[in-house]
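Structure record follows, encoded as structure tokens.
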Amino acid sequence: MNREHAPHLAQFDGHHIDSWHAATAPLRERYPVLNEVIRCDVCVVGAGFTGLSTALSLAEKGLSVTLLEGALVGFGASGRNGGHILHGFAASMATFEKQLGGRGARQCWDASLEGISLIANRIHQHQIACELRWGVLTTVRNRRQQQWVQAQQRQLQAYGYHDTQWLEGQALQSHIDSPFFSAALYDSGCGHLHPLKYAQGLARAASQAGVRLFEHSPVTSIDEDKRGLQIGTPQGWVNADRMVLACNVDIGPLQAGLRRCIVPLRSHIIATAPLPAELASSLLPGGAAVCEGSPLPDYFRLTPDHRLLFGGLPGSASPQAQIAEQQARLANIFPQWKNRQIDYGWSGHVDVGPARLPQIGRQGQRIYHAQGFAGHGVALSGIAGKMLAETMAGDIGCFDVFNKLYAHPLPLPASLEDSLLRLSMLYHRLRDGLGF
């Protein structure tokens with residue numbers, strides 16, 4: 001018998017963190033606490049985008065599914081992120097080609113495009129009101145960033161993707177009114193949405209498809225024997241043939257080996273007070289989301305109630321200092337904003353693995369996992385869940401390609417992770433500041 005134990009995966013006070021996302025998605029379905037013994041084909045752990053997509057896809061294939069969430073639907077990264085829908089990966093396609101060859105890299109690229117289509121199709125099919133809009137700008141403010149972004153555009157074109165447009169001068173100003181940037185790459189095939197509303201919509205669709213979903217039900221143990229898996233929670237058990245760990249950075253000691261394959265990179269977002277409608281529309285006339293062309297980018301977009309959501313990696317430890325830093329960066333980008341009031345500030349973790357490659361695979365024949373999306377999780381997590389479901393239904397398909405990507409466990413103790421990340425952030429920001 002194999003046995004693993006873990007404390008609760010999520011510590012919280014029974015509510016979502018205080019964020020603009022939570023404040024504007026207050027109404028939701030409630031799901032019970034697991035207090036019985038359940039038998040099912042597949043148990044999914046984690047009700048973020050990955051777990052919800054996996055559960056919904058499995059149910060659509062006729063499998064019985066139990067979904068366990070230690071906190072609330074969308075409590076983790078899926079309900080806190082900037083909402084950017086991006087194709088591709090944090091790693092370059094050259095990295096994929098090196099590990100998988102040209103054919104395997106192409107399959108991964110095509111899967112990332114399918115992830116965007118999957119979002120659009122699910123929103124339409126299940127009538128999820130989550131403020132979907134299309135268009136993303138990757139901005140440039142110095143020569144080094146311009147070289148990096150233009151290299152990205154050439155790579156996209158090499159893969160047959162032609163939905164991008166290089167912008168300068170008046171063409172740039174028609175998308176963003178800022179003296180801070182000299183150029184940008186506009187991508188009409190990417191977009192943005194309200195992530196918590198989307199997560200709640202996926203949960204509703206999964207429940208309607210027959211998934212038994214439980215909140216406030218953290219997994220405390222996993223036992224495996226010849227009969228299958230026994231997954232324990234504080235008040236109940238799930239007996240399943242297979243399971244999926246879709247826990248992001250909250251995997252913790254539930255699977256220590258998987259936890260050592262990712263670093264939790266903290267990202268912080270502020271939401272301004274509502275701007276006058278005319279000012280808001282003048283800042284980003286086309287309504288595109290924006291991501292700076294840098295390995296450690298700031299990112300921002302407008303909301304339907306005329307706020308600016310502005311996110312990035314914090315340089316300071318205290319929440320007050322983080323907000324002040326981001327206020328200053330936002331004022332540099334939009335001087336006309338004039339340091340208006342900040343109504344919300346919150347943090348979440350991005351799961352980043354070695355070489356920034358996604359980690360989609362399994363341990364043995366029963367336990368599957370998906371993690372390490374490194375900022376591309378809105379679209380990639382959905383297609384990862386679909387691939388996991390297809391594999392468990394007998395269609396190995398693209399899962400086998402992703403499973404060949406190797407994630408080396410990180411050779412440093414967790415106590416040094418934060419120091420290493422701060423040094424990396426300082427290095428990249430210094431390079432950006434110097435422009436080389």
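Chain identifiers are assigned as A, B, and so on, following the order in which chains appear in the structure tokens; residues are numbered from 1 within each chain, and ligands are numbered from 1 in order of appearance.
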
Can you list, as a ChimeraX atom specification, every protein, DNA or RNA residue that comes within 10 Å of Pro179 of chain A when you count only C-alpha atoms, leaving out same-chain residues fewer than 4 positions away? /A:141,173,332-335

Writer output for current selection, N, CA and C atoms, as a tab-separated table (two decimals), in the first residue's frame:
chain	number	residue	atom	x	y	z
A	141	ARG	N	9.33	49.31	-24.76
A	141	ARG	CA	9.79	50.63	-24.35
A	141	ARG	C	11.29	50.84	-24.50
A	173	GLN	N	-1.02	54.59	-30.97
A	173	GLN	CA	-1.85	55.47	-30.13
A	173	GLN	C	-3.33	55.12	-30.24
A	332	ASN	N	3.63	56.26	-14.34
A	332	ASN	CA	4.61	56.42	-15.41
A	332	ASN	C	4.01	56.06	-16.77
A	333	ILE	N	3.20	55.02	-16.77
A	333	ILE	CA	2.58	54.57	-18.03
A	333	ILE	C	1.49	55.53	-18.47
A	334	PHE	N	0.65	55.95	-17.53
A	334	PHE	CA	-0.47	56.85	-17.84
A	334	PHE	C	-0.38	58.10	-16.95
A	335	PRO	N	0.41	59.11	-17.35
A	335	PRO	CA	0.49	60.33	-16.53
A	335	PRO	C	-0.87	60.99	-16.31

Would you pick out the contacts of Val244 of chain A at 6 Å or less, using only C-alpha atoms, so that residues sharing its chain but fewer than 2 positions from it are not included, and give the list as a VMD selection string? chain A and resid 44 367 to 369

Generate the output file for the selected residues, N, CA and C atoms, as a PDB file, in the first residue's frame.
ATOM      1  N   VAL A  44     -11.071  14.285  -8.865  1.00  0.00           N
ATOM      2  CA  VAL A  44     -10.251  15.442  -9.223  1.00  0.00           C
ATOM      3  C   VAL A  44     -10.063  16.295  -7.984  1.00  0.00           C
ATOM      4  N   ILE A 367      -2.570   8.108 -10.962  1.00  0.00           N
ATOM      5  CA  ILE A 367      -2.540   9.495 -10.489  1.00  0.00           C
ATOM      6  C   ILE A 367      -1.953  10.405 -11.565  1.00  0.00           C
ATOM      7  N   TYR A 368      -2.765  11.360 -12.029  1.00  0.00           N
ATOM      8  CA  TYR A 368      -2.371  12.303 -13.064  1.00  0.00           C
ATOM      9  C   TYR A 368      -2.204  13.692 -12.449  1.00  0.00           C
ATOM     10  N   HIS A 369      -1.482  14.558 -13.163  1.00  0.00           N
ATOM     11  CA  HIS A 369      -1.290  15.914 -12.646  1.00  0.00           C
ATOM     12  C   HIS A 369      -1.119  16.894 -13.797  1.00  0.00           C
TER      13      HIS A 369
END

Which residues in segment 175-227 of chain A does DSSP call strand (DSSP E or B)? List them as an MDAnalysis selection string. chainID A and resid 183:192 212:214 221:225

I need the chosen residues saved as a PDB file, in the first residue's frame, with N, CA and C atoms.
ATOM      1  N   ALA A 183       6.411  51.137 -29.118  1.00  0.00           N
ATOM      2  CA  ALA A 183       5.821  50.218 -30.099  1.00  0.00           C
ATOM      3  C   ALA A 183       5.097  49.110 -29.347  1.00  0.00           C
ATOM      4  N   ALA A 184       4.358  48.304 -30.094  1.00  0.00           N
ATOM      5  CA  ALA A 184       3.660  47.168 -29.488  1.00  0.00           C
ATOM      6  C   ALA A 184       3.300  46.171 -30.572  1.00  0.00           C
ATOM      7  N   LEU A 185       3.109  44.935 -30.152  1.00  0.00           N
ATOM      8  CA  LEU A 185       2.601  43.886 -31.024  1.00  0.00           C
ATOM      9  C   LEU A 185       1.156  43.611 -30.627  1.00  0.00           C
ATOM     10  N   TYR A 186       0.228  43.854 -31.556  1.00  0.00           N
ATOM     11  CA  TYR A 186      -1.187  43.616 -31.277  1.00  0.00           C
ATOM     12  C   TYR A 186      -1.559  42.234 -31.775  1.00  0.00           C
ATOM     13  N   ASP A 187      -2.239  41.471 -30.922  1.00  0.00           N
ATOM     14  CA  ASP A 187      -2.640  40.101 -31.253  1.00  0.00           C
ATOM     15  C   ASP A 187      -4.153  39.992 -31.097  1.00  0.00           C
ATOM     16  N   SER A 188      -4.838  39.851 -32.207  1.00  0.00           N
ATOM     17  CA  SER A 188      -6.303  39.771 -32.171  1.00  0.00           C
ATOM     18  C   SER A 188      -6.801  38.389 -31.767  1.00  0.00           C
ATOM     19  N   GLY A 189      -5.903  37.396 -31.725  1.00  0.00           N
ATOM     20  CA  GLY A 189      -6.309  36.041 -31.376  1.00  0.00           C
ATOM     21  C   GLY A 189      -6.241  35.735 -29.902  1.00  0.00           C
ATOM     22  N   CYS A 190      -5.733  36.660 -29.102  1.00  0.00           N
ATOM     23  CA  CYS A 190      -5.712  36.519 -27.640  1.00  0.00           C
ATOM     24  C   CYS A 190      -6.749  37.473 -27.037  1.00  0.00           C
ATOM     25  N   GLY A 191      -6.965  37.390 -25.739  1.00  0.00           N
ATOM     26  CA  GLY A 191      -7.996  38.229 -25.156  1.00  0.00           C
ATOM     27  C   GLY A 191      -7.945  38.259 -23.647  1.00  0.00           C
ATOM     28  N   HIS A 192      -9.079  38.563 -23.025  1.00  0.00           N
ATOM     29  CA  HIS A 192      -9.146  38.626 -21.561  1.00  0.00           C
ATOM     30  C   HIS A 192     -10.581  38.419 -21.108  1.00  0.00           C
ATOM     31  N   ARG A 212     -19.990  15.556  -9.106  1.00  0.00           N
ATOM     32  CA  ARG A 212     -20.299  15.840  -7.699  1.00  0.00           C
ATOM     33  C   ARG A 212     -19.174  16.694  -7.146  1.00  0.00           C
ATOM     34  N   LEU A 213     -19.509  17.946  -6.865  1.00  0.00           N
ATOM     35  CA  LEU A 213     -18.502  18.929  -6.471  1.00  0.00           C
ATOM     36  C   LEU A 213     -18.661  19.259  -4.991  1.00  0.00           C
ATOM     37  N   PHE A 214     -17.528  19.250  -4.271  1.00  0.00           N
ATOM     38  CA  PHE A 214     -17.536  19.533  -2.840  1.00  0.00           C
ATOM     39  C   PHE A 214     -16.514  20.614  -2.519  1.00  0.00           C
ATOM     40  N   SER A 221      -5.394  12.681   2.811  1.00  0.00           N
ATOM     41  CA  SER A 221      -4.609  11.466   2.607  1.00  0.00           C
ATOM     42  C   SER A 221      -4.967  10.838   1.271  1.00  0.00           C
ATOM     43  N   ILE A 222      -3.991  10.127   0.714  1.00  0.00           N
ATOM     44  CA  ILE A 222      -4.188   9.349  -0.508  1.00  0.00           C
ATOM     45  C   ILE A 222      -3.613   7.959  -0.267  1.00  0.00           C
ATOM     46  N   ASP A 223      -4.468   6.952  -0.325  1.00  0.00           N
ATOM     47  CA  ASP A 223      -4.035   5.554  -0.192  1.00  0.00           C
ATOM     48  C   ASP A 223      -4.235   4.851  -1.529  1.00  0.00           C
ATOM     49  N   GLU A 224      -3.287   4.011  -1.885  1.00  0.00           N
ATOM     50  CA  GLU A 224      -3.402   3.264  -3.131  1.00  0.00           C
ATOM     51  C   GLU A 224      -3.100   1.799  -2.891  1.00  0.00           C
ATOM     52  N   ASP A 225      -3.982   0.928  -3.392  1.00  0.00           N
ATOM     53  CA  ASP A 225      -3.739  -0.512  -3.336  1.00  0.00           C
ATOM     54  C   ASP A 225      -4.277  -1.128  -4.621  1.00  0.00           C
TER      55      ASP A 225
END
